[in-house]
Amino acid sequence: MNFGLSEEQEMIVETVRAFVETEIYPHENEVERSGIIPPELGDEIRRKCIDLGFYACNFPEEVGGAGLDHVTFTLVERELGRGSLGLTVFFGRPSGILMACEGEQRERYLLPAVRGEKIDALAITEPDAGSDMRGMKCAARRDAGDFVLNGTKHFISHADVADFVIVFAATGEEETPKGIKKKITAFLVDRGTPGFEILKGYDSVSHRGYHNCTLNFTDCRIPEAQVLGEVHRGFDIANQWLYGTRLTVAATCVGRARRVFDLALPYAAERKQFGKPIGANQGVSFKLADMITEIDAADWLTLAAAWRLDAELSADRQIASAKLYASEMLARVTDEAIQIFGGMGLMDDLPLARFWRDARVERIWDGTSEIQRHIISRDLLRPLGA
């Protein structure tokens, strides 16, 4: 087993890390204070990312992306995890689900998204349907060759800066071994479509500047040509592509944890109490030992899951394990880092309190820790008939 990175991967890691440190770090404190990212700043980050050749690096070369494999792209996400999510969202990684675009959809949505000309957002979650995707109430009915969409979505990330939204809606019902479930269809809906309203979402303690929005659809008419994939097959599309978002969460958690550790380690070596560095005390040094062990373990879990995708092996359980462990690891590492810094760890002079708050949401979005445990245990028990 070769755990080393290639020269190209090392270069990519160094390039993205340098980008985050020079283009993202300087703006973080102001974003944290105001919760606002000026449009011109977002455009500047996007332009520099395009110039660097990294925009849509998660897409294949045949549609204009960089064509990175899963391991290399996971390394990119890991380095981006060091920076404010509200800012790194402009280091564009469009939804992989757009590869399901066909015909005119490619020219209208896929290719402009890859070129950085349009930004997409993914709309699945509803007030009464989070983990239970097939319990959604947002519904679309056929009418004279179109679909008419009604309902509400919430917690929709960065919809405030999106040019179009990939909306999942119920379009029928079917009998399943677990009872009647909704049939789901995905739609491409442009900002400004009559009956489509984007509202400010909730004020969140996590990831300030990375806004969530509420979407309202009131008799919103969508041509059938804007169905993404096949009618009633949206659930299949979602399952095919959404694993990537969970791997991204795991990778960004690792990157954020390493930044936190990089603050805590030198502080423990330099801060003196009772005439010696606090790191000389086992109460602190053992914390550092546990922190780096957990960070490395999460890193390898994440990269191993990405490797399985590149090898075209099943990876649902491994991705779930990576997302579960990395997100919970980040909570422990940020908490311990604050303990090492003491009272200063909670002051705005340092970013630790921000990382601590940001860490909390990672165990919830893109599949809660409980959902990940369900995926893992189901994968283990099903072959045994349980």
# chains A, B, ... in the order shown; residues from 1 in each chain; ligands from 1
call {"tool": "residues_around", "arguments": {"residues": "Thr252 of chain A", "least_positions_apart": "4", "cutoff": "8 Å", "atoms": "only C-alpha atoms", "output": "list in words"}}
result
Glu77, Arg78, Glu79, Leu80, Gly81, Arg82, Thr248 and Arg256 of chain A
call {"tool": "write_last_selection", "arguments": {"atoms": "C-alpha atoms", "output": "PDB file, in the first residue's frame"}}
result
ATOM      1  CA  GLU A  77     -11.452  19.996  -0.429  1.00  0.00           C
ATOM      2  CA  ARG A  78      -9.264  19.254   2.579  1.00  0.00           C
ATOM      3  CA  GLU A  79      -7.179  22.378   1.953  1.00  0.00           C
ATOM      4  CA  LEU A  80     -10.261  24.511   1.293  1.00  0.00           C
ATOM      5  CA  GLY A  81     -11.579  23.315   4.649  1.00  0.00           C
ATOM      6  CA  ARG A  82      -8.942  25.477   6.313  1.00  0.00           C
ATOM      7  CA  THR A 248     -16.438  16.748   1.030  1.00  0.00           C
ATOM      8  CA  ARG A 256     -10.188  22.638   9.625  1.00  0.00           C
TER       9      ARG A 256
END
call {"tool": "select_by_dssp", "arguments": {"residues": "segment 126-340 of chain A", "states": "strand (DSSP E or B)", "output": "PyMOL selection string"}}
result
chain A and resi 126+129+139-143+146-157+164-176+179-190+196-200+212-223+227-228+233+272-273+276-277
call {"tool": "closest_residue", "arguments": {"among": "A:Gly53, A:Gly192, A:Pro351, A:Gly367", "to": "Met133 of chain A", "atoms": "only C-alpha atoms"}}
result
A:Gly367
call {"tool": "closest_atom_pairs", "arguments": {"of": "segment 349-370 of chain A", "to": "segment 207-222 of chain A", "cutoff": "10 Å", "atoms": "only C-alpha atoms", "output": "Markdown table"}}
result
| residue | atom | partner | partner_atom | distance |
| --- | --- | --- | --- | --- |
| A:Arg354 | CA | A:His207 | CA | 7.9 |
| A:Phe355 | CA | A:His207 | CA | 8.6 |
| A:Arg357 | CA | A:His207 | CA | 7.8 |
| A:Asp358 | CA | A:His207 | CA | 5.3 |
| A:Ala359 | CA | A:His207 | CA | 8.8 |
| A:Arg360 | CA | A:His207 | CA | 9.8 |
| A:Val361 | CA | A:His207 | CA | 8.6 |
call {"tool": "closest_residue", "arguments": {"among": "A:Gln372, A:Gln226, A:Thr185, A:Ser131", "to": "Cys101 of chain A", "atoms": "only C-alpha atoms"}}
result
A:Gln226
call {"tool": "closest_residue", "arguments": {"among": "A:Glu362, A:Asp299, A:Asp348, A:Glu175", "to": "Glu328 of chain A", "atoms": "only C-alpha atoms"}}
result
A:Glu362
call {"tool": "residues_around", "arguments": {"residues": "Leu228 of chain A", "least_positions_apart": "2", "cutoff": "7 Å", "atoms": "only C-alpha atoms", "output": "mmCIF file with all heavy atoms, in the first residue's frame"}}
result
data_model
loop_
_atom_site.group_PDB
_atom_site.id
_atom_site.type_symbol
_atom_site.label_atom_id
_atom_site.label_comp_id
_atom_site.auth_asym_id
_atom_site.auth_seq_id
_atom_site.Cartn_x
_atom_site.Cartn_y
_atom_site.Cartn_z
ATOM 1 N N ALA A 100 -25.908 15.029 -15.059
ATOM 2 C CA ALA A 100 -27.108 14.383 -15.589
ATOM 3 C C ALA A 100 -27.798 15.243 -16.646
ATOM 4 O O ALA A 100 -28.780 14.809 -17.254
ATOM 5 C CB ALA A 100 -28.094 14.088 -14.448
ATOM 6 N N CYS A 101 -27.298 16.465 -16.876
ATOM 7 C CA CYS A 101 -27.893 17.336 -17.899
ATOM 8 C C CYS A 101 -27.770 16.702 -19.277
ATOM 9 O O CYS A 101 -26.758 16.064 -19.598
ATOM 10 C CB CYS A 101 -27.189 18.694 -17.907
ATOM 11 S SG CYS A 101 -27.610 19.791 -16.540
ATOM 12 N N ALA A 186 -36.254 15.723 -10.180
ATOM 13 C CA ALA A 186 -35.366 16.885 -10.061
ATOM 14 C C ALA A 186 -35.649 17.871 -11.185
ATOM 15 O O ALA A 186 -35.844 17.476 -12.339
ATOM 16 C CB ALA A 186 -33.901 16.453 -10.104
ATOM 17 N N PHE A 187 -35.674 19.157 -10.848
ATOM 18 C CA PHE A 187 -35.947 20.216 -11.815
ATOM 19 C C PHE A 187 -34.854 21.276 -11.765
ATOM 20 O O PHE A 187 -34.304 21.568 -10.700
ATOM 21 C CB PHE A 187 -37.296 20.892 -11.509
ATOM 22 C CG PHE A 187 -38.483 19.985 -11.587
ATOM 23 C CD1 PHE A 187 -38.930 19.316 -10.449
ATOM 24 C CD2 PHE A 187 -39.169 19.798 -12.775
ATOM 25 C CE1 PHE A 187 -40.035 18.484 -10.497
ATOM 26 C CE2 PHE A 187 -40.275 18.964 -12.837
ATOM 27 C CZ PHE A 187 -40.711 18.308 -11.702
ATOM 28 N N LEU A 188 -34.578 21.871 -12.913
ATOM 29 C CA LEU A 188 -33.668 23.008 -13.016
ATOM 30 C C LEU A 188 -34.516 24.271 -13.075
ATOM 31 O O LEU A 188 -35.260 24.479 -14.030
ATOM 32 C CB LEU A 188 -32.805 22.884 -14.273
ATOM 33 C CG LEU A 188 -31.882 21.654 -14.314
ATOM 34 C CD1 LEU A 188 -31.482 21.322 -15.742
ATOM 35 C CD2 LEU A 188 -30.646 21.888 -13.453
ATOM 36 N N GLN A 226 -36.980 21.123 -18.479
ATOM 37 C CA GLN A 226 -36.094 21.429 -17.368
ATOM 38 C C GLN A 226 -36.112 20.349 -16.288
ATOM 39 O O GLN A 226 -35.626 20.567 -15.178
ATOM 40 C CB GLN A 226 -36.439 22.806 -16.789
ATOM 41 C CG GLN A 226 -35.974 23.925 -17.711
ATOM 42 C CD GLN A 226 -36.437 25.295 -17.284
ATOM 43 O OE1 GLN A 226 -37.029 26.040 -18.068
ATOM 44 N NE2 GLN A 226 -36.179 25.641 -16.041
ATOM 45 N N GLU A 230 -34.716 11.709 -15.431
ATOM 46 C CA GLU A 230 -36.030 11.226 -15.804
ATOM 47 C C GLU A 230 -37.065 11.594 -14.747
ATOM 48 O O GLU A 230 -36.755 11.717 -13.562
ATOM 49 C CB GLU A 230 -36.005 9.698 -15.962
ATOM 50 C CG GLU A 230 -35.064 9.202 -17.049
ATOM 51 C CD GLU A 230 -35.072 7.687 -17.135
ATOM 52 O OE1 GLU A 230 -36.121 7.078 -16.839
ATOM 53 O OE2 GLU A 230 -34.023 7.115 -17.475
#
call {"tool": "residues_around", "arguments": {"residues": "segment 376-383 of chain A", "least_positions_apart": "5", "cutoff": "7 Å", "atoms": "only C-alpha atoms", "output": "PyMOL selection string"}}
result
chain A and resi 317+320-321
call {"tool": "write_last_selection", "arguments": {"atoms": "C-alpha atoms", "output": "PDB file, in the first residue's frame"}}
result
ATOM      1  CA  ARG A 317     -20.061   2.492   4.124  1.00  0.00           C
ATOM      2  CA  ALA A 320     -20.356   7.204   5.864  1.00  0.00           C
ATOM      3  CA  SER A 321     -17.571   6.190   8.244  1.00  0.00           C
TER       4      SER A 321
END
call {"tool": "atom_distance", "arguments": {"atom1": "atom CA of Pro94 of chain A", "atom2": "atom CA of Arg141 of chain A"}}
result
27.9 Å
call {"tool": "closest_residue", "arguments": {"among": "A:Phe91, A:Tyr109, A:Phe341, A:Phe155", "to": "Ala269 of chain A", "atoms": "only C-alpha atoms"}}
result
A:Phe341
call {"tool": "closest_residue", "arguments": {"among": "A:Gly103, A:Gly229, A:Gly92, A:Gly83", "to": "Phe59 of chain A", "atoms": "only C-alpha atoms"}}
result
A:Gly92
call {"tool": "closest_residue", "arguments": {"among": "A:Leu384, A:Ile184, A:Leu301, A:Ala129", "to": "Ala238 of chain A", "atoms": "only C-alpha atoms"}}
result
A:Ile184
call {"tool": "atom_distance", "arguments": {"atom1": "atom CA of Asp160 of chain A", "atom2": "atom CA of Glu224 of chain A"}}
result
24.9 Å
call {"tool": "residues_around", "arguments": {"residues": "Gly42 of chain A", "least_positions_apart": "4", "cutoff": "8 Å", "atoms": "only C-alpha atoms", "output": "PDB file with N, CA and C atoms, in the first residue's frame"}}
result
ATOM      1  N   ILE A  37     -20.686  38.891   2.653  1.00  0.00           N
ATOM      2  CA  ILE A  37     -19.591  38.846   1.688  1.00  0.00           C
ATOM      3  C   ILE A  37     -19.965  39.768   0.537  1.00  0.00           C
ATOM      4  N   PRO A  38     -19.250  40.867   0.362  1.00  0.00           N
ATOM      5  CA  PRO A  38     -19.557  41.777  -0.739  1.00  0.00           C
ATOM      6  C   PRO A  38     -19.504  41.041  -2.076  1.00  0.00           C
ATOM      7  N   ARG A  46     -13.760  34.074  -7.278  1.00  0.00           N
ATOM      8  CA  ARG A  46     -14.123  33.193  -8.390  1.00  0.00           C
ATOM      9  C   ARG A  46     -13.204  33.422  -9.587  1.00  0.00           C
ATOM     10  N   LEU A  87     -16.505  32.059   2.120  1.00  0.00           N
ATOM     11  CA  LEU A  87     -15.603  32.571   1.085  1.00  0.00           C
ATOM     12  C   LEU A  87     -15.174  31.481   0.108  1.00  0.00           C
ATOM     13  N   PHE A  90     -16.867  30.312  -3.328  1.00  0.00           N
ATOM     14  CA  PHE A  90     -16.597  30.932  -4.625  1.00  0.00           C
ATOM     15  C   PHE A  90     -15.419  30.279  -5.342  1.00  0.00           C
TER      16      PHE A  90
END
call {"tool": "select_by_dssp", "arguments": {"residues": "segment 172-314 of chain A", "states": "helix (DSSP H, G or I)", "output": "ChimeraX atom specification"}}
result
/A:224-226,234-241,243-270,278-280,282-310
